[in-house]
file run-v4.txt (compact mmCIF, C-alpha atoms and all ligand atoms)
# COMPACT_ATOMS: atom_id res chain seq x y z
CA MET A 24 -9.15 -90.10 -54.97
CA TYR A 25 -7.07 -87.15 -53.92
CA SER A 26 -9.87 -85.12 -52.32
CA ASN A 27 -11.41 -88.24 -50.76
CA ARG A 28 -8.32 -88.84 -48.71
CA THR A 29 -8.39 -85.29 -47.36
CA THR A 30 -12.06 -85.70 -46.41
CA LEU A 31 -11.24 -88.93 -44.61
CA LYS A 32 -8.47 -87.27 -42.62
CA VAL A 33 -10.79 -84.43 -41.62
CA LEU A 34 -13.42 -86.99 -40.61
CA VAL A 35 -10.99 -88.87 -38.36
CA VAL A 36 -9.85 -85.65 -36.69
CA VAL A 37 -13.44 -84.47 -36.14
CA THR A 38 -14.42 -87.85 -34.70
CA GLY A 39 -11.44 -87.69 -32.36
CA LEU A 40 -12.47 -84.21 -31.20
CA VAL A 41 -16.08 -85.25 -30.65
CA ILE A 42 -14.97 -88.26 -28.59
CA GLY A 43 -12.67 -85.99 -26.62
CA VAL A 44 -15.39 -83.42 -25.90
CA ILE A 45 -17.94 -86.08 -24.91
CA SER A 46 -15.39 -87.69 -22.63
CA ILE A 47 -14.58 -84.36 -20.97
CA ILE A 48 -18.26 -83.51 -20.44
CA TYR A 49 -19.04 -86.95 -19.08
CA THR A 50 -16.10 -86.87 -16.68
CA GLU A 51 -17.09 -83.40 -15.51
CA LEU A 52 -20.57 -84.76 -14.69
CA LEU A 53 -19.06 -87.63 -12.72
CA VAL A 54 -16.69 -85.29 -10.91
CA GLY A 55 -19.61 -83.03 -10.06
CA GLU A 56 -21.56 -85.91 -8.52
CA LEU A 57 -18.59 -87.19 -6.59
CA ARG A 58 -17.91 -83.71 -5.24
CA GLN A 59 -21.48 -83.38 -4.07
CA ARG A 60 -21.18 -86.68 -2.24
CA GLU A 61 -17.95 -85.63 -0.63
CA TYR A 62 -19.48 -82.36 0.45
CA ASP A 63 -22.50 -84.17 1.92
CA GLN A 64 -20.18 -86.39 3.91
CA ILE A 65 -18.26 -83.47 5.40
CA ASP A 66 -21.50 -81.65 6.07
CA PHE A 67 -22.86 -84.67 7.90
CA PHE A 68 -19.68 -84.87 9.90
CA ALA A 69 -20.07 -81.23 10.88
CA LYS A 70 -23.68 -81.66 11.93
CA VAL A 71 -22.88 -84.64 14.10
CA GLN A 72 -20.01 -82.78 15.68
CA ALA A 73 -22.26 -79.83 16.53
CA LYS A 74 -24.97 -82.08 17.87
CA MET A 75 -22.50 -83.86 20.12
CA ALA A 76 -21.74 -80.71 21.98
CA THR A 77 -25.34 -80.47 23.18
CA MET A 78 -25.34 -84.00 24.53
CA SER A 79 -23.99 -85.53 27.66
CA GLY A 80 -23.09 -88.86 29.21
CA GLN A 81 -23.98 -92.07 27.44
CA ASP A 82 -25.54 -90.27 24.47
CA ASN A 83 -22.35 -88.42 23.91
CA ALA A 84 -20.34 -91.61 24.00
CA ASP A 85 -22.68 -93.23 21.47
CA VAL A 86 -22.45 -90.34 19.12
CA THR A 87 -18.70 -90.14 19.51
CA PHE A 88 -18.58 -93.75 18.44
CA LEU A 89 -20.76 -92.94 15.44
CA LEU A 90 -18.60 -89.99 14.58
CA MET A 91 -15.46 -92.09 14.73
CA GLU A 92 -17.07 -94.49 12.29
CA VAL A 93 -17.90 -91.66 9.91
CA ILE A 94 -14.39 -90.31 10.08
CA LYS A 95 -12.86 -93.74 9.62
CA GLY A 96 -15.20 -94.34 6.67
CA ASN A 97 -13.80 -91.27 5.02
CA ASP A 98 -10.51 -92.46 3.73
CA LEU A 99 -10.56 -90.26 0.66
CA ILE A 100 -11.35 -86.66 1.46
CA PRO A 101 -8.59 -84.59 3.01
CA VAL A 102 -10.06 -82.64 5.95
CA ILE A 103 -8.69 -80.34 8.65
CA LEU A 104 -10.65 -79.39 11.71
CA ALA A 105 -9.69 -75.96 13.00
CA ASP A 106 -10.86 -73.34 15.46
CA GLU A 107 -12.13 -69.94 14.44
CA HIS A 108 -8.57 -68.58 14.23
CA GLN A 109 -7.58 -71.28 11.75
CA ASN A 110 -5.56 -73.19 14.33
CA PRO A 111 -5.60 -76.83 13.29
CA ILE A 112 -7.16 -79.19 15.83
CA SER A 113 -6.94 -82.44 13.88
CA SER A 114 -6.62 -83.65 10.31
CA LYS A 115 -7.44 -86.68 8.22
CA ASN A 116 -6.19 -87.99 4.88
CA ILE A 117 -3.43 -85.43 4.70
CA GLU A 118 0.07 -86.70 4.32
CA ILE A 119 2.32 -84.87 6.75
CA PRO A 120 6.00 -85.70 6.35
CA LYS A 121 6.99 -87.90 9.33
CA ARG A 122 10.20 -86.06 10.11
CA PHE A 123 8.27 -82.87 10.91
CA SER A 124 8.29 -81.61 14.49
CA GLN A 125 5.07 -80.61 16.24
CA GLU A 126 5.66 -76.97 15.25
CA GLU A 127 6.34 -77.81 11.66
CA GLN A 128 3.27 -80.01 11.46
CA LEU A 129 1.08 -77.15 12.61
CA ALA A 130 2.67 -74.78 10.10
CA PHE A 131 2.18 -77.35 7.39
CA LEU A 132 -1.50 -77.75 8.21
CA ARG A 133 -2.02 -73.98 8.31
CA LYS A 134 -0.62 -73.72 4.83
CA GLN A 135 -2.98 -76.48 3.71
CA ILE A 136 -5.89 -74.62 5.24
CA ILE A 137 -5.08 -71.55 3.19
CA GLU A 138 -4.92 -73.66 0.03
CA MET A 139 -8.17 -75.45 0.83
CA GLU A 140 -9.96 -72.22 1.53
CA LYS A 141 -9.26 -71.05 -2.02
CA ASP A 142 -11.34 -73.90 -3.48
CA TYR A 143 -14.07 -74.50 -0.91
CA LYS A 144 -15.63 -72.47 1.85
CA PRO A 145 -15.12 -74.35 5.13
CA ILE A 146 -18.13 -75.88 6.86
CA LYS A 147 -18.95 -74.16 10.09
CA ILE A 148 -19.76 -76.10 13.25
CA ASP A 149 -21.84 -74.10 15.70
CA PHE A 150 -21.59 -75.28 19.26
CA SER A 151 -24.40 -74.24 21.53
CA ASN A 152 -21.95 -72.67 23.94
CA GLY A 153 -21.08 -70.08 21.29
CA GLU A 154 -17.85 -71.79 20.33
CA GLU A 155 -17.18 -72.30 16.63
CA GLN A 156 -15.06 -74.72 14.66
CA TYR A 157 -14.44 -75.07 10.99
CA ILE A 158 -13.92 -78.02 8.72
CA TYR A 159 -11.64 -77.30 5.78
CA TYR A 160 -11.62 -79.81 3.00
CA ALA A 161 -10.34 -80.40 -0.53
CA ASP A 162 -11.07 -82.65 -3.46
CA SER A 163 -10.15 -86.25 -2.83
CA HIS A 164 -7.45 -87.90 -4.89
CA LEU A 165 -10.22 -89.73 -6.68
CA VAL A 166 -11.80 -86.52 -7.92
CA LYS A 167 -8.45 -84.95 -8.73
CA ASN A 168 -7.28 -87.93 -10.74
CA LEU A 169 -10.58 -88.37 -12.48
CA ARG A 170 -10.18 -84.91 -13.97
CA TYR A 171 -7.14 -86.18 -15.87
CA ALA A 172 -9.07 -89.09 -17.31
CA PRO A 173 -10.14 -87.27 -20.51
CA LEU A 174 -6.56 -86.14 -21.12
CA VAL A 175 -5.36 -89.71 -20.79
CA GLN A 176 -8.14 -90.91 -23.06
CA ILE A 177 -7.46 -88.28 -25.71
CA SER A 178 -3.72 -88.96 -25.69
CA LEU A 179 -4.28 -92.68 -25.99
CA PHE A 180 -6.73 -92.12 -28.83
CA GLY A 181 -4.22 -89.84 -30.54
CA ILE A 182 -1.39 -92.33 -30.20
CA LEU A 183 -3.63 -95.08 -31.51
CA ALA A 184 -4.75 -92.96 -34.47
CA ILE A 185 -1.17 -92.05 -35.39
CA ALA A 186 0.01 -95.65 -35.06
CA ALA A 187 -2.89 -96.93 -37.16
CA TYR A 188 -2.26 -94.27 -39.79
CA LEU A 189 1.43 -95.14 -40.01
CA VAL A 190 0.83 -98.87 -40.20
CA PHE A 191 -1.90 -98.58 -42.82
CA SER A 192 -0.18 -96.00 -44.97
CA THR A 193 3.14 -97.83 -45.06
CA SER A 194 1.55 -101.15 -45.83
CA ARG A 195 -0.70 -99.56 -48.43
CA ARG A 196 2.22 -97.75 -50.00
CA ALA A 197 4.28 -100.93 -50.11
CA GLU A 198 1.39 -102.70 -51.80
CA GLN A 199 0.90 -99.89 -54.34
CA ASN A 200 4.59 -99.89 -55.12
CA GLN A 201 4.54 -103.59 -55.71
CA VAL A 202 1.56 -103.33 -58.04
CA TRP A 203 2.86 -100.60 -60.27
CA ALA A 204 6.45 -101.82 -60.30
CA GLY A 205 5.16 -105.25 -61.28
CA LEU A 206 2.98 -103.75 -63.96
CA ALA A 207 5.91 -101.78 -65.39
CA LYS A 208 8.15 -104.85 -65.46
CA GLU A 209 5.46 -106.96 -67.04
CA THR A 210 4.83 -104.34 -69.74
CA ALA A 211 8.55 -104.12 -70.52
CA HIS A 212 8.70 -107.88 -70.69
CA GLN A 213 5.74 -108.14 -73.06
CA LEU A 214 7.04 -105.41 -75.35
CA GLY A 215 10.33 -107.26 -75.71
CA THR A 216 9.11 -109.94 -78.12
CA PRO A 217 7.41 -107.75 -80.75
CA ILE A 218 10.36 -105.34 -80.64
CA SER A 219 12.93 -108.03 -81.35
CA SER A 220 10.71 -109.23 -84.15
CA LEU A 221 10.58 -105.68 -85.57
CA VAL A 222 14.37 -105.47 -85.36
CA ALA A 223 14.63 -108.74 -87.29
CA TRP A 224 12.25 -107.43 -89.94
CA ILE A 225 14.31 -104.27 -90.35
CA GLU A 226 17.47 -106.34 -90.83
CA TYR A 227 15.65 -108.37 -93.41
CA PHE A 228 14.49 -105.28 -95.34
CA LYS A 229 18.00 -103.89 -95.27
CA THR A 230 19.15 -106.83 -97.40
CA ASP A 231 16.39 -106.15 -99.91
CA ASP A 232 17.76 -103.57 -102.38
CA ASP A 233 14.32 -102.91 -103.82
CA PHE A 234 13.12 -101.60 -100.47
CA ASP A 235 13.22 -97.80 -99.90
CA HIS A 236 16.05 -97.33 -97.42
CA SER A 237 14.84 -93.96 -96.17
CA ILE A 238 11.82 -95.79 -94.74
CA ILE A 239 14.16 -98.16 -92.94
CA GLU A 240 15.86 -95.24 -91.26
CA GLU A 241 12.54 -93.94 -89.96
CA LEU A 242 11.54 -97.40 -88.85
CA GLU A 243 14.81 -97.74 -86.96
CA LYS A 244 14.16 -94.49 -85.12
CA ASP A 245 10.74 -95.67 -84.02
CA VAL A 246 12.06 -99.02 -82.90
CA HIS A 247 14.81 -97.26 -81.01
CA ARG A 248 12.18 -95.18 -79.25
CA LEU A 249 10.21 -98.31 -78.38
CA GLU A 250 13.36 -99.86 -76.95
CA MET A 251 13.92 -96.75 -74.89
CA ILE A 252 10.39 -96.91 -73.49
CA THR A 253 10.87 -100.57 -72.69
CA ALA A 254 14.14 -99.80 -70.94
CA ARG A 255 12.39 -97.15 -68.83
CA PHE A 256 9.59 -99.49 -67.81
CA SER A 257 12.01 -102.25 -67.01
CA ASN A 258 14.26 -99.86 -65.04
CA ILE A 259 11.48 -98.41 -62.97
CA GLY A 260 10.06 -101.86 -62.30
CA SER A 261 13.20 -103.03 -60.56
CA GLU A 262 16.17 -101.53 -58.79
CA PRO A 263 17.85 -99.62 -61.67
CA VAL A 264 21.53 -99.97 -62.42
CA LEU A 265 23.28 -96.66 -61.87
CA LYS A 266 26.44 -95.84 -63.77
CA PRO A 267 28.77 -92.88 -63.34
CA LYS A 268 28.12 -90.58 -66.28
CA ASN A 269 28.48 -87.05 -67.48
CA LEU A 270 25.10 -85.35 -67.11
CA GLU A 271 25.18 -83.36 -70.31
CA PRO A 272 24.41 -86.05 -72.94
CA SER A 273 21.38 -87.35 -71.03
CA VAL A 274 19.89 -83.88 -70.70
CA ARG A 275 20.72 -82.87 -74.26
CA GLY A 276 19.34 -86.17 -75.55
CA ALA A 277 16.01 -85.56 -73.86
CA VAL A 278 15.92 -81.92 -74.98
CA ASP A 279 16.72 -82.84 -78.60
CA TYR A 280 13.99 -85.41 -78.61
CA MET A 281 11.47 -82.96 -77.14
CA SER A 282 12.38 -79.98 -79.28
CA LYS A 283 11.59 -81.91 -82.47
CA ARG A 284 8.14 -82.68 -81.18
CA ILE A 285 6.92 -79.35 -79.89
CA SER A 286 5.90 -76.11 -81.51
CA ASN A 287 8.94 -74.23 -82.84
CA LYS A 288 7.67 -71.19 -80.99
CA VAL A 289 8.84 -72.83 -77.78
CA LYS A 290 12.55 -72.14 -77.51
CA MET A 291 14.67 -74.58 -75.56
CA SER A 292 18.15 -73.86 -74.27
CA VAL A 293 20.68 -75.94 -72.37
CA GLU A 294 23.54 -74.47 -70.39
CA TYR A 295 26.18 -76.80 -69.01
CA ASP A 296 28.34 -75.10 -66.44
CA ILE A 297 30.10 -78.11 -64.92
CA ASP A 298 33.60 -79.44 -65.39
CA SER A 299 33.41 -82.16 -68.04
CA GLN A 300 35.11 -84.70 -65.76
CA VAL A 301 32.38 -84.50 -63.14
CA GLN A 302 30.27 -87.62 -63.09
CA ILE A 303 26.98 -88.56 -61.56
CA ASN A 304 25.56 -91.99 -60.89
CA ILE A 305 22.53 -92.23 -63.13
CA SER A 306 20.33 -94.60 -64.99
CA ARG A 307 20.21 -92.86 -68.33
CA PRO A 308 16.80 -94.13 -69.52
CA LEU A 309 15.22 -92.97 -66.26
CA PHE A 310 17.03 -89.67 -66.10
CA GLU A 311 16.01 -88.76 -69.63
CA TRP A 312 12.47 -89.60 -68.61
CA VAL A 313 12.72 -87.05 -65.80
CA ILE A 314 13.87 -84.29 -68.12
CA GLU A 315 11.25 -85.20 -70.72
CA ASN A 316 8.48 -85.14 -68.13
CA LEU A 317 9.55 -81.73 -66.82
CA CYS A 318 9.76 -80.33 -70.36
CA ARG A 319 6.40 -81.83 -71.29
CA ASN A 320 4.77 -80.16 -68.27
CA ALA A 321 6.51 -76.89 -69.12
CA VAL A 322 5.14 -77.00 -72.67
CA ASP A 323 1.68 -77.82 -71.31
CA ALA A 324 1.86 -74.76 -69.08
CA MET A 325 2.30 -72.47 -72.10
CA ASN A 326 -0.01 -71.45 -74.85
CA GLY A 327 2.27 -72.72 -77.56
CA VAL A 328 4.75 -69.87 -77.13
CA GLY A 329 7.54 -69.50 -74.60
CA SER A 330 10.89 -70.75 -73.47
CA ILE A 331 12.38 -73.60 -71.49
CA ASP A 332 15.85 -73.01 -70.11
CA ILE A 333 17.83 -75.78 -68.51
CA LYS A 334 20.91 -74.87 -66.55
CA MET A 335 23.34 -77.30 -64.97
CA SER A 336 25.87 -76.19 -62.39
CA LEU A 337 27.59 -77.27 -59.18
CA THR A 338 26.86 -76.05 -55.69
CA GLN A 339 29.39 -73.94 -53.86
CA HIS A 340 30.94 -76.97 -52.19
CA LYS A 341 31.16 -78.70 -55.56
CA ASN A 342 29.64 -81.91 -54.20
CA THR A 343 26.20 -81.61 -55.73
CA ALA A 344 25.00 -80.99 -59.25
CA VAL A 345 22.10 -78.58 -59.66
CA ILE A 346 19.76 -78.83 -62.63
CA ASP A 347 17.29 -75.98 -62.97
CA VAL A 348 14.45 -76.37 -65.43
CA LYS A 349 12.91 -72.96 -65.91
CA ASP A 350 9.87 -72.27 -68.02
CA SER A 351 7.86 -69.21 -68.99
CA GLY A 352 4.54 -70.97 -68.44
CA LYS A 353 1.52 -69.93 -66.43
CA GLY A 354 3.04 -70.86 -63.07
CA ILE A 355 1.56 -72.80 -60.18
CA PRO A 356 -0.72 -71.12 -57.61
CA LYS A 357 0.76 -71.09 -54.09
CA ASN A 358 -1.85 -73.42 -52.63
CA LYS A 359 -1.13 -76.05 -55.30
CA ILE A 360 2.65 -76.11 -54.96
CA LYS A 361 2.61 -78.73 -52.21
CA LYS A 362 0.31 -81.00 -54.18
CA VAL A 363 1.95 -81.22 -57.58
CA PHE A 364 4.06 -84.25 -56.64
CA SER A 365 1.09 -86.18 -55.25
CA PRO A 366 -0.17 -89.06 -57.37
CA GLY A 367 -3.39 -88.19 -59.14
CA PHE A 368 -3.01 -84.44 -58.84
CA THR A 369 -3.62 -82.85 -62.23
CA THR A 370 -5.21 -79.70 -63.55
CA LYS A 371 -5.36 -81.04 -67.09
CA LYS A 372 -8.40 -82.46 -68.82
CA ARG A 373 -6.49 -85.44 -70.10
CA GLY A 374 -3.84 -85.63 -67.41
CA TRP A 375 -3.12 -88.53 -65.10
CA GLY A 376 -1.20 -86.63 -62.51
CA LEU A 377 1.53 -89.26 -62.44
CA GLY A 378 4.32 -87.46 -64.28
CA LEU A 379 5.76 -85.59 -61.32
CA THR A 380 5.16 -88.52 -58.97
CA LEU A 381 7.38 -90.63 -61.19
CA VAL A 382 9.91 -87.83 -61.54
CA LYS A 383 10.16 -87.47 -57.77
CA ARG A 384 10.52 -91.20 -57.30
CA ILE A 385 13.20 -91.49 -59.96
CA VAL A 386 15.20 -88.57 -58.61
CA GLU A 387 14.85 -89.21 -54.89
CA GLU A 388 14.41 -92.94 -54.43
CA TYR A 389 16.41 -94.28 -57.34
CA HIS A 390 19.14 -91.64 -57.52
CA GLY A 391 19.33 -90.35 -53.96
CA GLY A 392 18.77 -86.79 -55.20
CA LYS A 393 16.22 -84.08 -54.43
CA ILE A 394 13.62 -82.33 -56.53
CA PHE A 395 11.50 -79.37 -55.57
CA ILE A 396 9.95 -76.25 -56.97
CA LEU A 397 12.52 -73.51 -56.62
CA GLU A 398 10.15 -70.77 -57.65
CA SER A 399 6.80 -70.39 -59.33
CA ILE A 400 5.18 -67.11 -60.11
CA PRO A 401 1.68 -67.21 -61.57
CA GLY A 402 1.75 -65.66 -65.03
CA GLU A 403 5.53 -65.66 -65.21
CA GLY A 404 6.80 -69.19 -64.97
CA THR A 405 8.11 -72.02 -62.86
CA THR A 406 11.54 -73.36 -62.00
CA PHE A 407 12.01 -76.95 -60.90
CA ARG A 408 15.32 -77.74 -59.23
CA ILE A 409 16.99 -81.13 -59.16
CA MET A 410 19.98 -81.75 -56.93
CA MET A 411 22.15 -84.80 -57.46
CA PRO A 412 25.17 -85.95 -55.49
CA ILE A 413 28.25 -86.19 -57.68
CA VAL A 414 30.63 -89.15 -57.82
CA VAL A 415 33.87 -88.42 -55.98
N1 LIG B 1 5.95 -76.41 -65.28
C1 LIG B 1 4.71 -76.34 -64.76
N2 LIG B 1 4.01 -75.19 -64.81
C2 LIG B 1 2.78 -75.10 -64.30
N3 LIG B 1 2.13 -76.14 -63.72
C3 LIG B 1 2.76 -77.32 -63.64
C4 LIG B 1 4.08 -77.48 -64.15
N4 LIG B 1 4.45 -78.76 -63.92
C5 LIG B 1 3.42 -79.35 -63.30
N5 LIG B 1 2.40 -78.50 -63.13
C6 LIG B 1 1.12 -78.80 -62.46
O1 LIG B 1 1.24 -80.04 -61.79
C7 LIG B 1 0.25 -80.93 -62.21
C8 LIG B 1 0.76 -82.35 -62.13
O2 LIG B 1 1.71 -82.62 -63.10
P1 LIG B 1 2.00 -84.11 -63.51
O3 LIG B 1 2.27 -84.91 -62.27
O4 LIG B 1 3.06 -84.14 -64.56
O5 LIG B 1 0.63 -84.63 -64.09
P2 LIG B 1 -0.11 -84.22 -65.43
O6 LIG B 1 0.93 -83.62 -66.34
O7 LIG B 1 -0.68 -85.49 -65.95
O8 LIG B 1 -1.16 -83.24 -65.05
C9 LIG B 1 -0.15 -80.46 -63.59
O9 LIG B 1 -1.47 -80.85 -63.90
C10 LIG B 1 0.00 -78.95 -63.47
O10 LIG B 1 -1.15 -78.38 -62.87
MG MG B 2 2.89 -84.30 -66.68
call {"tool": "encode", "arguments": {"input": "run-v4.txt", "output": "structure tokens", "more": "lines below"}}
Ligand SMILES: Nc1ncnc2c1ncn2[C@@H]1O[C@H](COP(=O)(O)OP(=O)(O)O)[C@@H](O)[C@H]1O
Ligand SMILES: [Mg+2]
result
Amino acid sequence: MYSNRTTLKVLVVVTGLVIGVISIIYTELLVGELRQREYDQIDFFAKVQAKMATMSGQDNADVTFLLMEVIKGNDLIPVILADEHQNPISSKNIEIPKRFSQEEQLAFLRKQIIEMEKDYKPIKIDFSNGEEQYIYYADSHLVKNLRYAPLVQISLFGILAIAAYLVFSTSRRAEQNQVWAGLAKETAHQLGTPISSLVAWIEYFKTDDDFDHSIIEELEKDVHRLEMITARFSNIGSEPVLKPKNLEPSVRGAVDYMSKRISNKVKMSVEYDIDSQVQINISRPLFEWVIENLCRNAVDAMNGVGSIDIKMSLTQHKNTAVIDVKDSGKGIPKNKIKKVFSPGFTTKKRGWGLGLTLVKRIVEEYHGGKIFILESIPGEGTTFRIMMPIVV
């Protein structure tokens, strides 16, 4: 599931690029054709102009008429007719500011000629009397604007892709949340009945003096654990109730529970370096779950031997509690650090890759805190850091 999503993203990006490239190539072809047509038109204009000079009388008048039609027909291509010294004679489709004086207009057109010359060689008109004129021209607005078409297309495609991604991912996430929160609540609900029945049975056995009471104690511990699990599922399935509490008991509770269930070659230590009056809004069942999950991962990252050190302190400004969970496990490779909190990411044969996803959700969404990897050195160990706002 995890790698599929990456492939899909790559696919969308590649498709976008291909569409972009095709669109650029296609537009370039169109621009090329249009340019050729524009050139042909100017060229025709030049030929007619040259021809005219050799004619006289009625012929000349006819051709002048024709020429006027050609010029009028060209309402796109900016052209300037000039003599051999680049003195403008007339212009068409060039916007000259109206307030300009005669002098200024000429200067303006000269400047245009210099610009036009950079892009296209002017078309020469040879008059039979040895006189020469030149037609300077530039790309029409149509051609110029058309060149921006691929940019517009690509931007629109990009905006569309981002919008679609946002809409789909938020709606998908909302749906996923609903499914697993519902599932958690339902599980908690279903566990409720058999647990209360177990509690009733224990009470019943307590009244029976023939029954071995040391068994009852063990049974009570197991039922207590089941109740704890139910509380976690029910808490994560709905908005949990946060209560101002001292952090220490929750962390120590989780550590005590874990330390009894792991190899005694894994040493666990807890250091509490916060004023005992400082309180934090927490849901205890969920917060213990966080610590248990982090410790479980730490143990998994070791070969049965090592240490887990938990240190609680306040930040400099004393408004945030910091909980560092440091292990001496195998560490996390750099390229995996970003992924560990993603659902489904696991490197374990029998892992689900949900532990850290839950941890992140509990810390950040339910408690308004932050969790991240402070440091991880392959072969040396990892430190997860949790930061929680304190109650003032
Ligand atoms: N303390 C740690 N040391 C090394 N790797 C870790 C540690 N915690 C988590 N990881 C890595 O992150 C992955 C995801 O952890 P998690 O979400 O708890 O899922 P799971 O434990 O089911 O694999 C683990 O498979 C492991 O590769
Ligand atoms: Mg885990």
call {"tool": "residues_near_ligand", "arguments": {"input": "run-v4.txt", "ligand": "ligand MG 2 (chain B)", "cutoff": "6 Å", "atoms": "all atoms listed in the file", "output": "count of residues only"}}
result
3
call {"tool": "residues_around", "arguments": {"input": "run-v4.txt", "residues": "Ile177 of chain A", "least_positions_apart": "2", "cutoff": "9 Å", "atoms": "only C-alpha atoms", "output": "list in words"}}
result
Gly39, Leu40, Ile42, Gly43, Ser46, Ala172, Pro173, Leu174, Val175, Leu179, Phe180, Gly181 and Ile182 of chain A
call {"tool": "write_last_selection", "arguments": {"input": "run-v4.txt", "atoms": "C-alpha atoms", "output": "PDB file, in the coordinates of the input"}}
result
ATOM      1  CA  GLY A  39     -11.440 -87.690 -32.360  1.00  0.00           C
ATOM      2  CA  LEU A  40     -12.470 -84.210 -31.200  1.00  0.00           C
ATOM      3  CA  ILE A  42     -14.970 -88.260 -28.590  1.00  0.00           C
ATOM      4  CA  GLY A  43     -12.670 -85.990 -26.620  1.00  0.00           C
ATOM      5  CA  SER A  46     -15.390 -87.690 -22.630  1.00  0.00           C
ATOM      6  CA  ALA A 172      -9.070 -89.090 -17.310  1.00  0.00           C
ATOM      7  CA  PRO A 173     -10.140 -87.270 -20.510  1.00  0.00           C
ATOM      8  CA  LEU A 174      -6.560 -86.140 -21.120  1.00  0.00           C
ATOM      9  CA  VAL A 175      -5.360 -89.710 -20.790  1.00  0.00           C
ATOM     10  CA  LEU A 179      -4.280 -92.680 -25.990  1.00  0.00           C
ATOM     11  CA  PHE A 180      -6.730 -92.120 -28.830  1.00  0.00           C
ATOM     12  CA  GLY A 181      -4.220 -89.840 -30.540  1.00  0.00           C
ATOM     13  CA  ILE A 182      -1.390 -92.330 -30.200  1.00  0.00           C
TER      14      ILE A 182
END
call {"tool": "residues_near_point", "arguments": {"input": "run-v4.txt", "point": "(-9.5, -89.1, -10.5)", "cutoff": "12 Å", "atoms": "only C-alpha atoms", "output": "count of residues only"}}
result
22
call {"tool": "closest_residue", "arguments": {"input": "run-v4.txt", "among": "A:Lys372, A:Lys383, A:Met411, A:Ala187", "to": "Val301 of chain A", "atoms": "all atoms listed in the file"}}
result
A:Met411
call {"tool": "closest_residue", "arguments": {"input": "run-v4.txt", "among": "A:Met139, A:Ile252, A:Ile400, A:Leu189", "to": "Ser351 of chain A", "atoms": "all atoms listed in the file"}}
result
A:Ile400
call {"tool": "closest_residue", "arguments": {"input": "run-v4.txt", "among": "A:Lys229, A:Phe256, A:Gly376, A:Lys244", "to": "Glu209 of chain A", "atoms": "all atoms listed in the file"}}
result
A:Phe256
call {"tool": "residues_near_ligand", "arguments": {"input": "run-v4.txt", "ligand": "ligand LIG 1 (chain B)", "cutoff": "9 Å", "atoms": "all atoms listed in the file", "output": "ChimeraX atom specification"}}
result
/A:316-325,348-356,359-360,362-382,399,401,404-407
call {"tool": "residues_around", "arguments": {"input": "run-v4.txt", "residues": "Lys74 of chain A", "least_positions_apart": "5", "cutoff": "9 Å", "atoms": "only C-alpha atoms", "output": "number ranges by chain"}}
result
A: 69, 86, 149-151
call {"tool": "residues_around", "arguments": {"input": "run-v4.txt", "residues": "Phe310 of chain A", "least_positions_apart": "5", "cutoff": "10 Å", "atoms": "only C-alpha atoms", "output": "list in words"}}
result
Arg255, Leu270, Ser273, Val274, Ala277, Ile305, Glu315, Asn316, Val382, Ile385, Val386, Tyr389 and His390 of chain A
call {"tool": "atom_distance", "arguments": {"input": "run-v4.txt", "atom1": "atom CA of Thr338 of chain A", "atom2": "atom CA of Asn258 of chain A"}}
result
28.5 Å
call {"tool": "atom_distance", "arguments": {"input": "run-v4.txt", "atom1": "atom CA of Val102 of chain A", "atom2": "atom CA of Ser114 of chain A"}}
result
5.6 Å
call {"tool": "residues_near_point", "arguments": {"input": "run-v4.txt", "point": "(22.1, -73.4, -77.9)", "cutoff": "12 Å", "atoms": "only C-alpha atoms", "output": "ChimeraX atom specification"}}
result
/A:275,278-279,282,290-295,331-334
call {"tool": "closest_residue", "arguments": {"input": "run-v4.txt", "among": "A:Glu262, A:Glu140, A:Asp231, A:Glu56", "to": "Lys208 of chain A", "atoms": "only C-alpha atoms"}}
result
A:Glu262
call {"tool": "closest_residue", "arguments": {"input": "run-v4.txt", "among": "A:Asp347, A:Tyr49, A:Met251, A:Asn200", "to": "Glu398 of chain A", "atoms": "only C-alpha atoms"}}
result
A:Asp347
call {"tool": "atom_distance", "arguments": {"input": "run-v4.txt", "atom1": "atom CA of Lys361 of chain A", "atom2": "atom CA of Met335 of chain A"}}
result
24.4 Å
call {"tool": "residues_around", "arguments": {"input": "run-v4.txt", "residues": "Gln302 of chain A", "least_positions_apart": "5", "cutoff": "12 Å", "atoms": "all atoms listed in the file", "output": "JSON, numbers by chain"}}
result
{"A": [265, 266, 267, 268, 269, 270, 271, 272, 273, 297, 337, 341, 342, 343, 344, 411, 412, 413, 414, 415]}
call {"tool": "residues_around", "arguments": {"input": "run-v4.txt", "residues": "Ala211 of chain A", "least_positions_apart": "2", "cutoff": "10 Å", "atoms": "all atoms listed in the file", "output": "list in words"}}
result
Gly205, Leu206, Ala207, Lys208, Glu209, Gln213, Leu214, Gly215, Thr216, Leu249, Glu250, Ile252, Thr253, Ala254, Arg255, Phe256, Ser257, Asn258, Ile259 and Gly260 of chain A
call {"tool": "closest_residue", "arguments": {"input": "run-v4.txt", "among": "A:Lys283, A:Lys70, A:Arg307, A:Lys357", "to": "Ile148 of chain A", "atoms": "only C-alpha atoms"}}
result
A:Lys70
call {"tool": "axis_aligned_box", "arguments": {"input": "run-v4.txt", "around": "segment 31-44 of chain A", "padding_each_side": "3 Å", "output": "lines of an AutoDock Vina configuration file"}}
result
center_x = -12.3
center_y = -86.2
center_z = -35.3
size_x = 13.6
size_y = 11.5
size_z = 24.7
